[in-house]
Every structure is written in structure tokens, then in C-alpha cells.
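Asks: After the C-alpha cells below, expect a handful of questions from me.
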Amino acid sequence: MTQQASPTASFAPAELYTQVLQFYAHQMGLLDERQADSWADTFAEDAVFQEAARMDPLLGRPAIRASARASVERAAASGLQVRHWIGMLQVRPGPNGTVDTRCYALAMRTPKGGELELFASVVCADHLVPTRGGWMVRHRDLTHDGFAPA
Amino acid sequence: MTQQASPTASFAPAELYTQVLQFYAHQMGLLDERQADSWADTFAEDAVFQEAARMDPLLGRPAIRASARASVERAAASGLQVRHWIGMLQVRPGPNGTVDTRCYALAMRTPKGGELELFASVVCADHLVPTRGGWMVRHRDLTHDGFAPA
Amino acid sequence: MTQQASPTASFAPAELYTQVLQFYAHQMGLLDERQADSWADTFAEDAVFQEAARMDPLLGRPAIRASARASVERAAASGLQVRHWIGMLQVRPGPNGTVDTRCYALAMRTPKGGELELFASVVCADHLVPTRGGWMVRHRDLTHDGFAPA
């Protein structure tokens, strides 16, 4: 009998795991529904948002809010419905109710009357901090597959 | 300390959440495996199925069954393997064991010997009613991204 | 009142269901991160890996390891970032801590500086055997949509 692989300690409990799933369904839904302000409110006041393939790091919620508003306005102006899917979620509880997560994200969009296009596969690494019965993102690092820094 | 976002009350319990995940894996699997009758049986006798991008509302299980049979026959005749993915699930328990859900759906198909094609991104809003240890869909509303009503 | 569909007995408990989700997120992540040896270690010594669309069955962990190393080397040599998504998971507990699963898998890849391509929709049927606090795959059968045997 070979005994290997994932000790139980590496499995997050079901309640935590499903709450994080629900957090992401809610959070990404806000962005896809173009609620830029509510989206920004899911980030900590001092959050850092890194997405090297697209931009310099965003430092703090106001910068995240401004960026989200611009994205949402571009999507609205061009009639694009954007969708973000999260999958393959890994959850690691940390001290003081914090949670580190790693997941895959797929970004897709459909123009009005047009065809669905999947345009990015991304790995998302988050540090979540607890709020009253939920979380906010303190740190997000998005790594785009295929990104070749200049 | 900024305190915001999702109160605990908005998280469905793990048992409920994972049961709904399993319900959809089972239900969509039936359609993808071309079991139109078993698929129809996951809808309430008086279910309403709305999919404005494709058709007038289907009223009642017999209409849903007839539509599913026609879809399955078309897929079989053209040798297409259809797959429906559900993701980004949100679950809200209601009175008397009912559940309201919202999720994303991706529809894809592969012809025999051919290439995978993702052809629709859809938002699914369901009202589920309890049965002996499971659910049936009482109301389903599918909104296709990019749908531009004539 | 029509009473039908899924008896409770067919729902896996939340802890089991979310542990299997986490097992797959971990396992597929190893392959995507090109850790062929760690990937192989998630299979039982006497595991059988079937993927009729691509190859003859792999018999035993050493064969699985050799195949994974070759895949990973091809991806590295061609600069492709491969991602495997698992979804629509169904979990059936068996005797002695074993678990039978069925899920959908999507295989996608992004070349360096290039575009995301989804290239296969697959159904994965696994037989998992328990290890210290986790599982190993004893049997995996991958069925590619659209596969037309010669």
C-alpha cells in the first residue's frame, strides 16, 4: 500500500470552502453586471491589485474603483457583456480569519448580437481579510497565461 | 478597519450549496446524455421555462419534454455532443424548502471528429421546489449574453 | 404534488464533496504547473489511466509518470501554458473510503504572447482510493467529446 498525497490538513472545511465560492460568485457578478462601485467595495481600503499583463499595480481602493469604472464604461460603450468565471479553487485558512486562495479565471465577452469569445486564462492569487461575516480582498495578483513581458 | 460587504446571512450553508451543485451536475448531465425524458422529470408539472433568445416560454412539463426531445434528436441527427457547464453559483434559501439560484452557464458542442466550439454564455435564474430529498425546477429563466431582441 | 428526482441518498455530504473538489484543483494544478512527478504521485502504484482518444491505456504509476513527463516537456518546449478545468462534478462514496466520480474537463492552452485556445471537452470517470487524509486515483477513464475511433 503506497500512502501519499494530500494530508487532510490541506483541505479547507466545507463551510469555509463554499463561502469562498459564494464570495467569488458574488464579487465577479458585480463586475460583470457593471456595478463598479460595489465591486470596489469588496476590496480593502489599502488593497493592492496586481495584473502585470494589463497595467501597473493599483494601490488602494480608490485606484481600484477608478479602474473598475473605466472598464465598465468601456464595456458599456462597446455593448460588450463580459463574464468572469472562477474555477479550480484552492483555499488555505490563515491567522485571524484571513484566507489565501488560488484559482483559475476565464474571461469571456459577447458583443450585442455577436459571438461569444473567450479571451484570457488567468491565475488569481488572493489574500482575503475577514469583515462582518464575509471577506474583502487585501491583495490580488492576476497572472495571465501567455503573458510575455516586454 | 473598514467593515463592509457580504453578511453571513447571504452565504448558503455548505450542505445546501453542495447539494445544489450536485443537482445541476446531475440535471445538465441528463440533457447532455440525451435523456430528454429524465431531464423533463427534473421540472415541476407546472414549470415555466423561459429562454427569450431561442423561443417563446415553455409552459408545463409536457412542453418542456417535447422541446427537450426535439433538441436531443437534432443533436443526435447531426452527431453533435453538447455540454452544458454551470458555474458561479449563487444560492438563496426561501420559504418551505424552496431555493432561488443564479448561475452562469456555458453551452458548448463537439461534432464527431471535429473541434470543440463554445457557442453561448447564459445567465440562469431558477426557482427550485423541494421533492423527496431533492429539487425540481419550478421556474427557469435563461438570459443569453449578446441577445438583441428584434 | 409530483414527487420525483434525486433522493437525498444520491447527494454526497458537503465535506466529501468539497474535499474532492479540492483534490482535483490540487491534482490538475500539478500537471498545469508541469510538476509531472508530483502529478504521477497522485495515482496509485497500480493505477490504470485510459484515454482512448490519445493513446493505449497506461498501466501503473511508472507509465503514467513517463507519459506526464513527456507531455510536460512538449508543453515547455513549445512555450504552451496548458490549463485543465474540472466542472459538473458528481461524487458517489463507495466501500472502504473509496469514491467514484464523474466530471467534465476542459483542456485549454495559451502560447507565449498568443491567444487562448480551448481544444477539448472530456468526460472524466475516476475511481479514487483513500490515502492518509486524501485520495489517489486508482482508475481514470477520459472520454473525449467528438472522438471517432478509426
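Going through the C-alpha cells in order, the chains are called A, B, and so on, while each chain numbers its residues from 1 and the ligands are numbered from 1 in the order shown.
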Using only C-alpha atoms, which residues sit within 12 Å of A:Gln27 once same-chain residues fewer than 5 positions away are excluded, as a PyMOL selection string?

Replies: (chain A and resi 19-22+32-43+83-86+134-137) or (chain B and resi 5-6+88-90)

Asks: Might you pull out every residue within 8 Å of B:Glu115, with only C-alpha atoms counted and same-chain residues fewer than 4 positions away left off, and present them as a list in words?

Replies: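 Result of the neighbour search: Thr110 and Pro111 of chain B; Phe119, Ala120 and Gly146 of chain C.
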
Asks: So that I can check the secondary structure, give me every residue of chain A assigned strand (DSSP E) by backbone DSSP, as JSON, numbers by chain.

Replies: {"A": [43, 44, 45, 46, 47, 48, 49, 50, 51, 58, 59, 80, 81, 82, 83, 84, 85, 86, 87, 88, 89, 90, 91, 92, 93, 99, 100, 101, 102, 103, 104, 105, 106, 107, 108, 109, 110, 111, 117, 118, 119, 120, 121, 122, 123, 124, 125, 126, 127, 128, 129, 130, 131, 134, 135, 136, 137, 138, 139, 140, 141, 142, 143, 144]}

Asks: Restricting the calculation to only C-alpha atoms: of C:Glu117, C:Glu51, C:Asp145, C:Glu45, which residue gets closest to chain B?

Replies: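 Closest candidate: C:Asp145.
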
Asks: Within 12 Å of chain C, which residues belong to chain A? Use only C-alpha atoms and report them as a PyMOL selection string.

Replies: chain A and resi 1-21+53+85-92+101-108+117-123+143-150

Asks: Please measure the separation of atom CA of C:Arg140 and atom CA of B:Leu30, giving the value in Å to one decimal.

Replies: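 So the two atoms, atom CA of C:Arg140 and atom CA of B:Leu30, lie 21.5 Å apart.
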
Asks: Would you pick out the contacts of B:Asp56 at 12 Å or less, using only C-alpha atoms, so that residues sharing its chain but fewer than 5 positions from it are not included, and give the list as a short mmCIF file (atom, residue, chain, number, x, y, z; two decimals) with all heavy atoms, in the first residue's frame?

Replies:
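Contents of out-v3.cif, freshly written:
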data_model
loop_
_atom_site.label_atom_id
_atom_site.label_comp_id
_atom_site.auth_asym_id
_atom_site.auth_seq_id
_atom_site.Cartn_x
_atom_site.Cartn_y
_atom_site.Cartn_z
N VAL B 48 -42.32 26.66 -15.58
CA VAL B 48 -42.19 27.62 -16.68
C VAL B 48 -40.72 27.71 -17.05
O VAL B 48 -39.86 27.86 -16.18
CB VAL B 48 -42.72 29.01 -16.26
CG1 VAL B 48 -42.48 30.03 -17.37
CG2 VAL B 48 -44.20 28.92 -15.90
N PHE B 49 -40.44 27.59 -18.34
CA PHE B 49 -39.07 27.60 -18.85
C PHE B 49 -38.96 28.73 -19.86
O PHE B 49 -39.55 28.66 -20.93
CB PHE B 49 -38.78 26.24 -19.51
CG PHE B 49 -37.34 26.01 -19.92
CD1 PHE B 49 -36.59 25.01 -19.32
CD2 PHE B 49 -36.74 26.78 -20.92
CE1 PHE B 49 -35.27 24.76 -19.71
CE2 PHE B 49 -35.42 26.55 -21.29
CZ PHE B 49 -34.68 25.55 -20.69
N GLN B 50 -38.22 29.77 -19.49
CA GLN B 50 -38.08 30.93 -20.36
C GLN B 50 -36.67 31.01 -20.94
O GLN B 50 -35.68 30.89 -20.20
CB GLN B 50 -38.37 32.21 -19.58
CG GLN B 50 -39.81 32.31 -19.12
CD GLN B 50 -40.10 33.65 -18.47
OE1 GLN B 50 -39.71 33.88 -17.34
NE2 GLN B 50 -40.77 34.53 -19.20
N GLU B 51 -36.60 31.22 -22.23
CA GLU B 51 -35.30 31.39 -22.90
C GLU B 51 -35.56 32.30 -24.09
O GLU B 51 -35.68 31.85 -25.24
CB GLU B 51 -34.74 30.02 -23.33
CG GLU B 51 -33.31 30.09 -23.81
CD GLU B 51 -32.70 28.71 -24.06
OE1 GLU B 51 -33.41 27.69 -23.94
OE2 GLU B 51 -31.50 28.66 -24.40
N ALA B 63 -44.61 20.46 -22.28
CA ALA B 63 -43.99 21.33 -23.29
C ALA B 63 -42.47 21.28 -23.18
O ALA B 63 -41.75 21.28 -24.20
CB ALA B 63 -44.49 22.76 -23.12
N ILE B 64 -41.97 21.22 -21.94
CA ILE B 64 -40.53 21.13 -21.72
C ILE B 64 -40.01 19.80 -22.27
O ILE B 64 -38.96 19.73 -22.90
CB ILE B 64 -40.21 21.29 -20.21
CG1 ILE B 64 -40.55 22.72 -19.77
CG2 ILE B 64 -38.76 20.94 -19.90
CD1 ILE B 64 -40.56 22.94 -18.27
N SER B 67 -39.87 19.89 -26.10
CA SER B 67 -38.75 20.71 -26.57
C SER B 67 -37.42 19.99 -26.38
O SER B 67 -36.55 20.01 -27.26
CB SER B 67 -38.75 22.04 -25.80
OG SER B 67 -37.62 22.79 -26.11
N ASP B 141 -35.28 30.86 -15.96
CA ASP B 141 -35.17 31.98 -16.89
C ASP B 141 -33.73 32.06 -17.39
O ASP B 141 -32.81 32.32 -16.61
CB ASP B 141 -35.57 33.29 -16.19
CG ASP B 141 -35.71 34.43 -17.18
OD1 ASP B 141 -35.48 34.22 -18.39
OD2 ASP B 141 -36.05 35.54 -16.75
N LEU B 142 -33.54 31.81 -18.68
CA LEU B 142 -32.21 31.83 -19.27
C LEU B 142 -32.04 33.11 -20.10
O LEU B 142 -32.84 33.36 -21.01
CB LEU B 142 -32.01 30.60 -20.18
CG LEU B 142 -32.13 29.24 -19.49
CD1 LEU B 142 -31.99 28.11 -20.52
CD2 LEU B 142 -31.09 29.08 -18.40
#

Asks: Counting only C-alpha atoms, which residue out of A:Val99, A:Leu31, A:Leu58, A:Ala66 sits closest to A:Ala125?

Replies: A:Val99

Asks: What is the distance between atom CA of A:Asp126 and atom CA of A:Pro62, in Å to one decimal?

Replies: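 Distance reported for this atom pair: 18.5 Å.
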
Asks: Can you list every residue in chain A that DSSP puts in alpha helix (DSSP H), as number ranges by chain?

Replies: A: 14-32, 36-40, 61-78
